[in-house]
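Asker: Right, I'll just put the structure down here and ask away after.
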Amino acid sequence: MIEVGALSKRYGNFTAVKELSFTVRPGEVLGLVGPNGAGKTSTLRCLAGIIPASSGTVRIAGHDIAADPIAAKRALAFFPDEPRLFDYLTVRQHLTFVARIYGVAHHEAIAQPLLDEFEIADKADQLPGELSRGMKQKLAIACGLLHAPQVMFFDEPLTGLDPLGIRRMKKSIVTRARAGATIVLSSHLLHLLEEVCTHVMILKRGEKIADGTIAEVATRFSNGEPNVNLEEIFIRATGGTES
Ligand SMILES: Nc1ncnc2c1ncn2[C@@H]1O[C@H](COP(=O)(O)OP(=O)(O)OP(=O)(O)O)[C@@H](O)[C@H]1O
Ligand SMILES: [Mg+2]
């Protein structure tokens with residue numbers, strides 16, 4: 001469960017995220033959409049406790065991210081748009097290292113299926129410098145899933161993956177949501193969000209323009225037309241591509 005109340009993020013005098021309030025329940029996948037600069041990454045970073053919010057509250061699985069960050073962070077995983085890895089640790093050593101940080105017992109039994117799921121088992125003894133971009137992303141995701149987080153934040157999870165990788169990534173996200181995880185992801189790939197998300201939130205200049213199920217948001221912007229897709233909703237809601 002993610003509970004957000006009046007979350008704002010300012011950088012100096014500039015307000016990147018304004019008074020966002022929403023709840024995401026176990027089993028739900030919320031898609032954050034909005035033009036470049038709308039505040040998606042800033043929101044995700046505040047939710048995951050990577051940067052402090054300027055005001056407002058964030059509770060992750062019941063733990064306040066500001067007051068009880070360790071408990072909140074034990075329950076979550078954040079996957080940034082650019083994977084950050086350790087240059088001198090192999091793929092397998094990354095998983096061992098992360099398992100120790102999170103106190104995951106018997107991690108080998110969890111790590112191997114993750115290596116298989118993300119198709120990097122044959123690279124287990126290689127360094128990040130020897131991996132492709134998509135493989136690095138898959139390793140970062142495998143590391144983040146090792147402690148079985150209840151809450152997951154993905155910033156542009158599909159960027160850089162090949163078509164099969166995108167399909168597998170979508171399956172991984174949906175499978176974890178069905179198993180009870182609470183997931184928020186940002187993406188510009190709207191047709192893919194339609195397949196994965198139960199809910200969407202449209203941001204523009206840091207403000208929530210609309211949120212709800214895709215059907216609810218579609219109804220709001222459809223002007224009575226049937227079958228309006230998310231791309232058309234996005235364009236109508238944000239009034240073009242400028243933020
Ligand atoms: N560290 C920072 N310092 C100052 N301004 C920042 C900082 N990070 C982001 N911003 C500004 O905050 C606004 C929101 O940026 P953010 O990265 O959250 O947008 P986004 O919705 O993720 O965009 P994109 O679709 O391009 O990834 C932008 O105007 C950006 O310039
Ligand atoms: Mg971003």
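Order determines the names: the first chain of the structure tokens is A, the second B, and so forth; residues in each chain are numbered 1 upward, and ligands are numbered 1 upward as they are shown.
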With a distance cut-off of 12 Å and only C-alpha atoms, select the neighbouring residues of Arg84 (chain A), excluding the residue or stretch itself and same-chain residues fewer than 6 positions from it, and output the selection as a ChimeraX atom specification.

Answerer: /A:78,94,128-129,133,136-141,143-144

Asker: Could you list, as number ranges by chain, all the residues within 6 Å of ligand 1, counting only C-alpha atoms and all ligand atoms?

Answerer: A: 11, 16, 35-42

Asker: List the neighbours of Arg59 (chain A) out to 8 Å using only C-alpha atoms; skip same-chain residues closer than 6 positions along the sequence, and give me the result as a list of chain:residue names.

Answerer: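 Those residues are A:Met1, A:Ile2, A:Glu3, A:Val4, A:Ile65, A:Ala72.
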
Asker: Could the residues in this selection be written to a file with C-alpha atoms, as a compact mmCIF listing (two decimals), in the first residue's frame?

Answerer:
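Output saved as again.txt:
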```
# COMPACT_ATOMS: atom_id res chain seq x y z
CA MET A 1 0.00 0.00 0.00
CA ILE A 2 1.23 3.48 -0.88
CA GLU A 3 -0.50 6.46 0.74
CA VAL A 4 0.46 9.93 -0.46
CA ILE A 65 9.20 7.45 4.51
CA ALA A 72 9.81 1.90 4.52
```

Asker: Work out how far apart CA of Thr219 (chain A) and CA of Thr238 (chain A) are and give it in Å to one decimal.

Answerer: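 Value for the CA of Thr219 (chain A)-CA of Thr238 (chain A) distance: 15.6 Å.
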
Asker: For ligand 2, return the neighbouring residues as JSON, numbers by chain (distance at most 12 Å; only C-alpha atoms and all ligand atoms).

Answerer: {"A": [16, 32, 33, 34, 35, 36, 37, 38, 39, 40, 41, 42, 43, 44, 45, 79, 80, 81, 82, 154, 155, 156, 157, 159, 185, 186, 187, 188, 203, 206]}

Asker: How would the residues just chosen look if you wrote them out with C-alpha atoms as a PDB file, in the first residue's frame?

Answerer:
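Written output follows (part_19.pdb):
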```pdb
ATOM      1  CA  ALA A  16       8.280  20.392  -9.685  1.00  0.00           C
ATOM      2  CA  LEU A  32       2.354   7.897 -14.112  1.00  0.00           C
ATOM      3  CA  VAL A  33       2.137   9.748 -17.410  1.00  0.00           C
ATOM      4  CA  GLY A  34       2.848  13.305 -18.433  1.00  0.00           C
ATOM      5  CA  PRO A  35       5.019  15.369 -20.777  1.00  0.00           C
ATOM      6  CA  ASN A  36       8.798  15.679 -20.319  1.00  0.00           C
ATOM      7  CA  GLY A  37       9.405  17.658 -17.143  1.00  0.00           C
ATOM      8  CA  ALA A  38       5.911  17.006 -15.727  1.00  0.00           C
ATOM      9  CA  GLY A  39       7.403  15.726 -12.470  1.00  0.00           C
ATOM     10  CA  LYS A  40       7.190  11.929 -12.818  1.00  0.00           C
ATOM     11  CA  THR A  41      10.778  11.150 -11.813  1.00  0.00           C
ATOM     12  CA  SER A  42      10.685  13.740  -9.007  1.00  0.00           C
ATOM     13  CA  THR A  43       7.500  12.119  -7.682  1.00  0.00           C
ATOM     14  CA  LEU A  44       8.939   8.599  -7.848  1.00  0.00           C
ATOM     15  CA  ARG A  45      12.144   9.702  -6.106  1.00  0.00           C
ATOM     16  CA  PHE A  79      14.247   1.095 -10.326  1.00  0.00           C
ATOM     17  CA  PRO A  80      15.747   4.224 -11.901  1.00  0.00           C
ATOM     18  CA  ASP A  81      15.670   4.949 -15.615  1.00  0.00           C
ATOM     19  CA  GLU A  82      19.479   4.609 -15.778  1.00  0.00           C
ATOM     20  CA  PHE A 154       9.762   1.797 -11.906  1.00  0.00           C
ATOM     21  CA  ASP A 155      10.956   4.873 -13.792  1.00  0.00           C
ATOM     22  CA  GLU A 156      10.716   4.110 -17.524  1.00  0.00           C
ATOM     23  CA  PRO A 157      11.202   0.332 -17.064  1.00  0.00           C
ATOM     24  CA  THR A 159      13.334   1.875 -22.222  1.00  0.00           C
ATOM     25  CA  LEU A 185       5.618   3.084 -12.957  1.00  0.00           C
ATOM     26  CA  SER A 186       6.274   5.955 -15.304  1.00  0.00           C
ATOM     27  CA  SER A 187       6.444   5.549 -19.047  1.00  0.00           C
ATOM     28  CA  HIS A 188       5.875   7.365 -22.298  1.00  0.00           C
ATOM     29  CA  LEU A 203       0.617  14.938 -14.523  1.00  0.00           C
ATOM     30  CA  GLY A 206       3.710  18.868 -11.401  1.00  0.00           C
TER      31      GLY A 206
END
```

Asker: So that I can check the surroundings of Ala142 (chain A), please list as a PyMOL selection string every protein, DNA and RNA residue that reaches within 8 Å of it, counting only C-alpha atoms and ignoring chain neighbours fewer than 3 positions away.

Answerer: chain A and resi 95+111+114-115+118+138-139+145-146
